[in-house]
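Take a look at the structure set out below.
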Amino acid sequence: MPQASLWQLKKEMCEYGKRIWQRGFCAGNEGNHSVRVPGCRPGQERFLCTPTGISKGFLDPADICVVDIDGNQVERNAKGRKRSSEVLIHLAIYKKRPDVNAVIHSHPPHAVAFCLAGMEVPHSIHPEAEVFLGKIVHAAYAAPGTPALPASFIDKLTEQSNTVLMGNHGSINFADTMEIAYYRLEILDNYCKQLLLARGLGNVNVLDKGQMSELLEIKERFGFPDERKECALDGCVGTEDQPFLTSFGVQPASAQCACDGGPVCGCDEKPSGGSGPSGGGGDASFELLVQTITDQIMAGLKA
Ligand SMILES: [Zn+2]
């Protein structure tokens with residue numbers, strides 16, 4: 001690759017570093033990101049990665065390190081910078097997924113809150129999160145900078161995974177471009193923030209099987225196939241028990257009365273919450289809703 005193009009690639013990494021830092025996704029010298037250098041022959045691939053010990057908000061192109069697929073620094077860094085020890089995470093992903101050209105490891109606070117709580121981020125809730133993130137891979141804690149860290153999640157990645165949350169640690173987002181990987185990081189933290197805010201309101205509505213099936217169709221039309229689409233109507237999405245939701249009383253969509261004539265429709269049964277105005281509040285709010293509707297009907301009859 002011509003030096004001018006390589007310099008441009010390094011400059012872009014600095015610009016994304018500034019965005020990551022300005023958004024508060026990495027404090028101090030946390031986090032790291034990398035790109036695959038295009039045009040390298042198989043076996044001689046090169047990767048640009050951020051150095052260790054430096055804020056991502058103040059990177060200079062000369063700070064960026066060049067490594068091979070095993071993490072060896074293959075070019076003398078102009079400032080004597082050493083590559084991040086966590087580049088091992090990035091390289092494991094590049095090895096597993098030839099379609100990935102950019103990886104960002106970060107500590108976005110709302111998403112990390114889920115990592116610290118040991119709670120999986122729920123799915124089947126927000127269209128953007130479903131389309132751009134899909135099902136997030138969750139990994140158990142492993143010590144940073146060790147081979148145990150990539151080993152904790154690499155076998156869980158599918159062809160369509162693009163986001164990992166590592167226990168008691170942080171996030172990894174990856175894509176074919178740095179721009180998309182960064183968007184995924186922003187969407188991840190924003191989604192987690194929205195979930196935590198909704199929890200404060202006492203409810204989160206879960207998309208039912210039909211809604212998820214429709215959404216995954218749309219996602220495929222956007223160019224993001226999702227392996228869950230084929231079985232969405234069989235109940236492999238939108239119906240699972242999700243601990244974040246059940247922790248404050250929201251039940252999976254399958255436990256709700258869909259009232260659409262579908263296989264989960266239980267119109268004779270009392271809905272247990274989650275979808276609709278009664279969701280998440282438990283029996284008390286359901287009773288209140290029934291009472292309100294009854295009062296309105298009675299008032300209408302008297303009028
Ligand atoms: Zn980290």
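Labeling convention for the structure tokens: chains A, B, ... as they appear, residues from 1 per chain, ligands from 1 in order of appearance.
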
Within 8 Å of ligand 1 (only C-alpha atoms and all ligand atoms), residues as an MDAnalysis selection string: chainID A and resid 30:32 86 105:107 144 169:171

Selected residues written out with N, CA and C atoms, as a short mmCIF file (atom, residue, chain, number, x, y, z; two decimals), in the first residue's frame:
```cif
data_model
loop_
_atom_site.label_atom_id
_atom_site.label_comp_id
_atom_site.auth_asym_id
_atom_site.auth_seq_id
_atom_site.Cartn_x
_atom_site.Cartn_y
_atom_site.Cartn_z
N GLU A 30 -7.72 4.17 28.23
CA GLU A 30 -8.47 2.93 27.95
C GLU A 30 -8.72 2.76 26.45
N GLY A 31 -9.01 1.51 26.09
CA GLY A 31 -9.51 1.19 24.76
C GLY A 31 -8.43 1.10 23.70
N ASN A 32 -8.81 0.55 22.58
CA ASN A 32 -7.90 0.43 21.44
C ASN A 32 -8.71 0.11 20.19
N GLU A 86 -3.87 -5.47 24.05
CA GLU A 86 -5.19 -6.04 23.73
C GLU A 86 -5.40 -6.21 22.23
N HIS A 105 -12.21 -1.80 20.47
CA HIS A 105 -12.46 -2.25 21.85
C HIS A 105 -12.59 -1.01 22.72
N SER A 106 -13.66 -0.96 23.51
CA SER A 106 -13.94 0.25 24.26
C SER A 106 -14.58 -0.10 25.61
N HIS A 107 -14.81 0.96 26.41
CA HIS A 107 -15.44 0.78 27.72
C HIS A 107 -16.65 1.72 27.83
N PRO A 144 -7.38 -9.03 31.13
CA PRO A 144 -7.00 -8.24 29.95
C PRO A 144 -5.56 -8.54 29.52
N HIS A 169 -15.67 -6.03 31.97
CA HIS A 169 -14.61 -5.36 31.20
C HIS A 169 -15.17 -4.34 30.21
N GLY A 170 -15.53 -4.75 29.00
CA GLY A 170 -15.92 -3.76 28.00
C GLY A 170 -16.48 -4.38 26.73
N SER A 171 -16.51 -3.55 25.70
CA SER A 171 -17.15 -3.95 24.44
C SER A 171 -16.13 -4.17 23.34
#
```

Long-range neighbours of Asn77 in chain A as a list in words, 12 Å cut-off, only C-alpha atoms, 6 positions minimum in chain: Leu48, Cys49, Thr50, Pro51, Asp60, Pro61, Ala62, Asp63, Ile64, Cys65, Val66, Val67 and Arg83 of chain A

Residues flagged helix (DSSP H, G or I) by DSSP in range 50-247 of chain A, as a ChimeraX atom specification: /A:56-58,61-63,87-96,109-117,127-132,148-151,154-156,178-201,209-221,232-234,243-246

For the residues in the current selection, export C-alpha atoms as a PDB file, in the first residue's frame.
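Writing the result to out.pdb gives the following:
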```pdb
ATOM      1  CA  LYS A  56      -7.509   7.891  22.224  1.00  0.00           C
ATOM      2  CA  GLY A  57      -8.476  11.548  22.117  1.00  0.00           C
ATOM      3  CA  PHE A  58      -4.957  12.809  21.346  1.00  0.00           C
ATOM      4  CA  PRO A  61      -0.690   9.328  12.910  1.00  0.00           C
ATOM      5  CA  ALA A  62       2.899   8.734  14.013  1.00  0.00           C
ATOM      6  CA  ASP A  63       1.566   7.036  17.187  1.00  0.00           C
ATOM      7  CA  VAL A  87      -4.491  -6.224  20.003  1.00  0.00           C
ATOM      8  CA  LEU A  88      -4.686  -9.998  20.609  1.00  0.00           C
ATOM      9  CA  ILE A  89      -8.463  -9.566  20.796  1.00  0.00           C
ATOM     10  CA  HIS A  90      -8.502  -7.807  17.433  1.00  0.00           C
ATOM     11  CA  LEU A  91      -6.267 -10.345  15.713  1.00  0.00           C
ATOM     12  CA  ALA A  92      -8.363 -13.277  16.915  1.00  0.00           C
ATOM     13  CA  ILE A  93     -11.375 -11.646  15.249  1.00  0.00           C
ATOM     14  CA  TYR A  94      -9.473 -10.885  12.012  1.00  0.00           C
ATOM     15  CA  LYS A  95      -8.359 -14.528  11.877  1.00  0.00           C
ATOM     16  CA  LYS A  96     -11.853 -15.867  12.415  1.00  0.00           C
ATOM     17  CA  PRO A 109     -20.269   3.102  30.423  1.00  0.00           C
ATOM     18  CA  HIS A 110     -23.906   2.103  29.854  1.00  0.00           C
ATOM     19  CA  ALA A 111     -22.942  -1.106  28.086  1.00  0.00           C
ATOM     20  CA  VAL A 112     -20.225  -1.846  30.655  1.00  0.00           C
ATOM     21  CA  ALA A 113     -22.876  -1.503  33.374  1.00  0.00           C
ATOM     22  CA  PHE A 114     -24.372  -4.717  31.984  1.00  0.00           C
ATOM     23  CA  CYS A 115     -20.891  -6.358  31.989  1.00  0.00           C
ATOM     24  CA  LEU A 116     -20.371  -5.403  35.633  1.00  0.00           C
ATOM     25  CA  ALA A 117     -23.810  -6.613  36.650  1.00  0.00           C
ATOM     26  CA  PRO A 127     -35.284  -1.762  15.807  1.00  0.00           C
ATOM     27  CA  GLU A 128     -31.911   0.011  15.411  1.00  0.00           C
ATOM     28  CA  ALA A 129     -30.235  -2.279  17.930  1.00  0.00           C
ATOM     29  CA  GLU A 130     -31.637  -5.333  16.140  1.00  0.00           C
ATOM     30  CA  VAL A 131     -30.611  -4.150  12.674  1.00  0.00           C
ATOM     31  CA  PHE A 132     -27.140  -2.845  13.506  1.00  0.00           C
ATOM     32  CA  ALA A 148      -7.666 -16.123  27.725  1.00  0.00           C
ATOM     33  CA  LEU A 149      -9.523 -12.963  26.745  1.00  0.00           C
ATOM     34  CA  PRO A 150     -10.074 -13.714  23.038  1.00  0.00           C
ATOM     35  CA  ALA A 151     -10.541 -17.383  23.975  1.00  0.00           C
ATOM     36  CA  ILE A 154     -14.069 -16.392  19.864  1.00  0.00           C
ATOM     37  CA  ASP A 155     -15.926 -19.711  19.582  1.00  0.00           C
ATOM     38  CA  LYS A 156     -19.210 -17.934  20.228  1.00  0.00           C
ATOM     39  CA  MET A 178     -14.142   1.655  10.818  1.00  0.00           C
ATOM     40  CA  GLU A 179     -17.134   3.893  10.234  1.00  0.00           C
ATOM     41  CA  ILE A 180     -19.638   1.046  10.697  1.00  0.00           C
ATOM     42  CA  ALA A 181     -17.711  -0.408  13.663  1.00  0.00           C
ATOM     43  CA  TYR A 182     -17.882   3.027  15.308  1.00  0.00           C
ATOM     44  CA  TYR A 183     -21.620   3.364  14.584  1.00  0.00           C
ATOM     45  CA  ARG A 184     -22.122   0.013  16.279  1.00  0.00           C
ATOM     46  CA  LEU A 185     -20.276   1.236  19.342  1.00  0.00           C
ATOM     47  CA  GLU A 186     -22.458   4.354  19.530  1.00  0.00           C
ATOM     48  CA  ILE A 187     -25.661   2.374  18.989  1.00  0.00           C
ATOM     49  CA  LEU A 188     -24.629  -0.191  21.617  1.00  0.00           C
ATOM     50  CA  ASP A 189     -24.084   2.371  24.339  1.00  0.00           C
ATOM     51  CA  ASN A 190     -27.142   4.401  23.371  1.00  0.00           C
ATOM     52  CA  TYR A 191     -29.318   1.280  23.416  1.00  0.00           C
ATOM     53  CA  CYS A 192     -28.032   0.254  26.845  1.00  0.00           C
ATOM     54  CA  LYS A 193     -28.649   3.787  28.123  1.00  0.00           C
ATOM     55  CA  GLN A 194     -32.224   3.652  26.819  1.00  0.00           C
ATOM     56  CA  LEU A 195     -32.796   0.296  28.503  1.00  0.00           C
ATOM     57  CA  LEU A 196     -31.580   1.631  31.837  1.00  0.00           C
ATOM     58  CA  LEU A 197     -33.807   4.713  31.491  1.00  0.00           C
ATOM     59  CA  ALA A 198     -36.825   2.569  30.587  1.00  0.00           C
ATOM     60  CA  ARG A 199     -36.151   0.403  33.603  1.00  0.00           C
ATOM     61  CA  GLY A 200     -36.496   3.539  35.706  1.00  0.00           C
ATOM     62  CA  LEU A 201     -39.971   3.996  34.205  1.00  0.00           C
ATOM     63  CA  LYS A 209     -42.506 -13.069  17.297  1.00  0.00           C
ATOM     64  CA  GLY A 210     -44.422 -11.493  14.414  1.00  0.00           C
ATOM     65  CA  GLN A 211     -42.820  -8.094  14.938  1.00  0.00           C
ATOM     66  CA  MET A 212     -39.355  -9.630  15.186  1.00  0.00           C
ATOM     67  CA  SER A 213     -39.913 -11.717  12.072  1.00  0.00           C
ATOM     68  CA  GLU A 214     -40.935  -8.581  10.149  1.00  0.00           C
ATOM     69  CA  LEU A 215     -37.941  -6.652  11.498  1.00  0.00           C
ATOM     70  CA  LEU A 216     -35.464  -9.364  10.538  1.00  0.00           C
ATOM     71  CA  GLU A 217     -36.934  -9.337   7.004  1.00  0.00           C
ATOM     72  CA  ILE A 218     -36.283  -5.589   6.827  1.00  0.00           C
ATOM     73  CA  LYS A 219     -32.799  -6.141   8.222  1.00  0.00           C
ATOM     74  CA  GLU A 220     -32.018  -8.591   5.443  1.00  0.00           C
ATOM     75  CA  ARG A 221     -33.214  -6.074   2.857  1.00  0.00           C
ATOM     76  CA  ALA A 232     -38.195 -16.207  14.277  1.00  0.00           C
ATOM     77  CA  LEU A 233     -41.734 -17.482  13.896  1.00  0.00           C
ATOM     78  CA  ASP A 234     -40.814 -20.745  15.553  1.00  0.00           C
ATOM     79  CA  PRO A 243     -32.859 -11.756  32.983  1.00  0.00           C
ATOM     80  CA  PHE A 244     -32.607  -7.956  32.624  1.00  0.00           C
ATOM     81  CA  LEU A 245     -36.343  -7.833  31.856  1.00  0.00           C
ATOM     82  CA  THR A 246     -37.517 -10.407  34.361  1.00  0.00           C
TER      83      THR A 246
END
```

One-decimal distance in Å that lies between CA of Gly202 in chain A and CA of Met119 in chain A: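 If I compute the distance from CA of Met119 in chain A to CA of Gly202 in chain A, I get 17.6 Å.
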
Atomic distance CA of Glu240 in chain A - CA of Val206 in chain A, expressed in Å with one decimal: 10.5 Å

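Computed from the coordinates, the CA of Lys11 in chain A to CA of Gln160 in chain A distance equals 28.5 Å.
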
In range 1-215 of chain A, DSSP strand (DSSP E or B) residues written as a ChimeraX atom specification: /A:32-36,47-49,51,65-67,73,83,102-106,137-139,163-166,171-175

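Shell of Arg41 in chain A at 12 Å, with only C-alpha atoms counted and residues fewer than 5 places along the chain excluded, is Met1, Arg36, Arg46, Asp68 and Ile69 of chain A.
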
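Near Thr163 in chain A, within 7 Å and counting only C-alpha atoms, sit Leu133, Ile136, Val137, Ile172, Asn173 and Phe174 of chain A; same-chain residues fewer than 3 positions away were not included.
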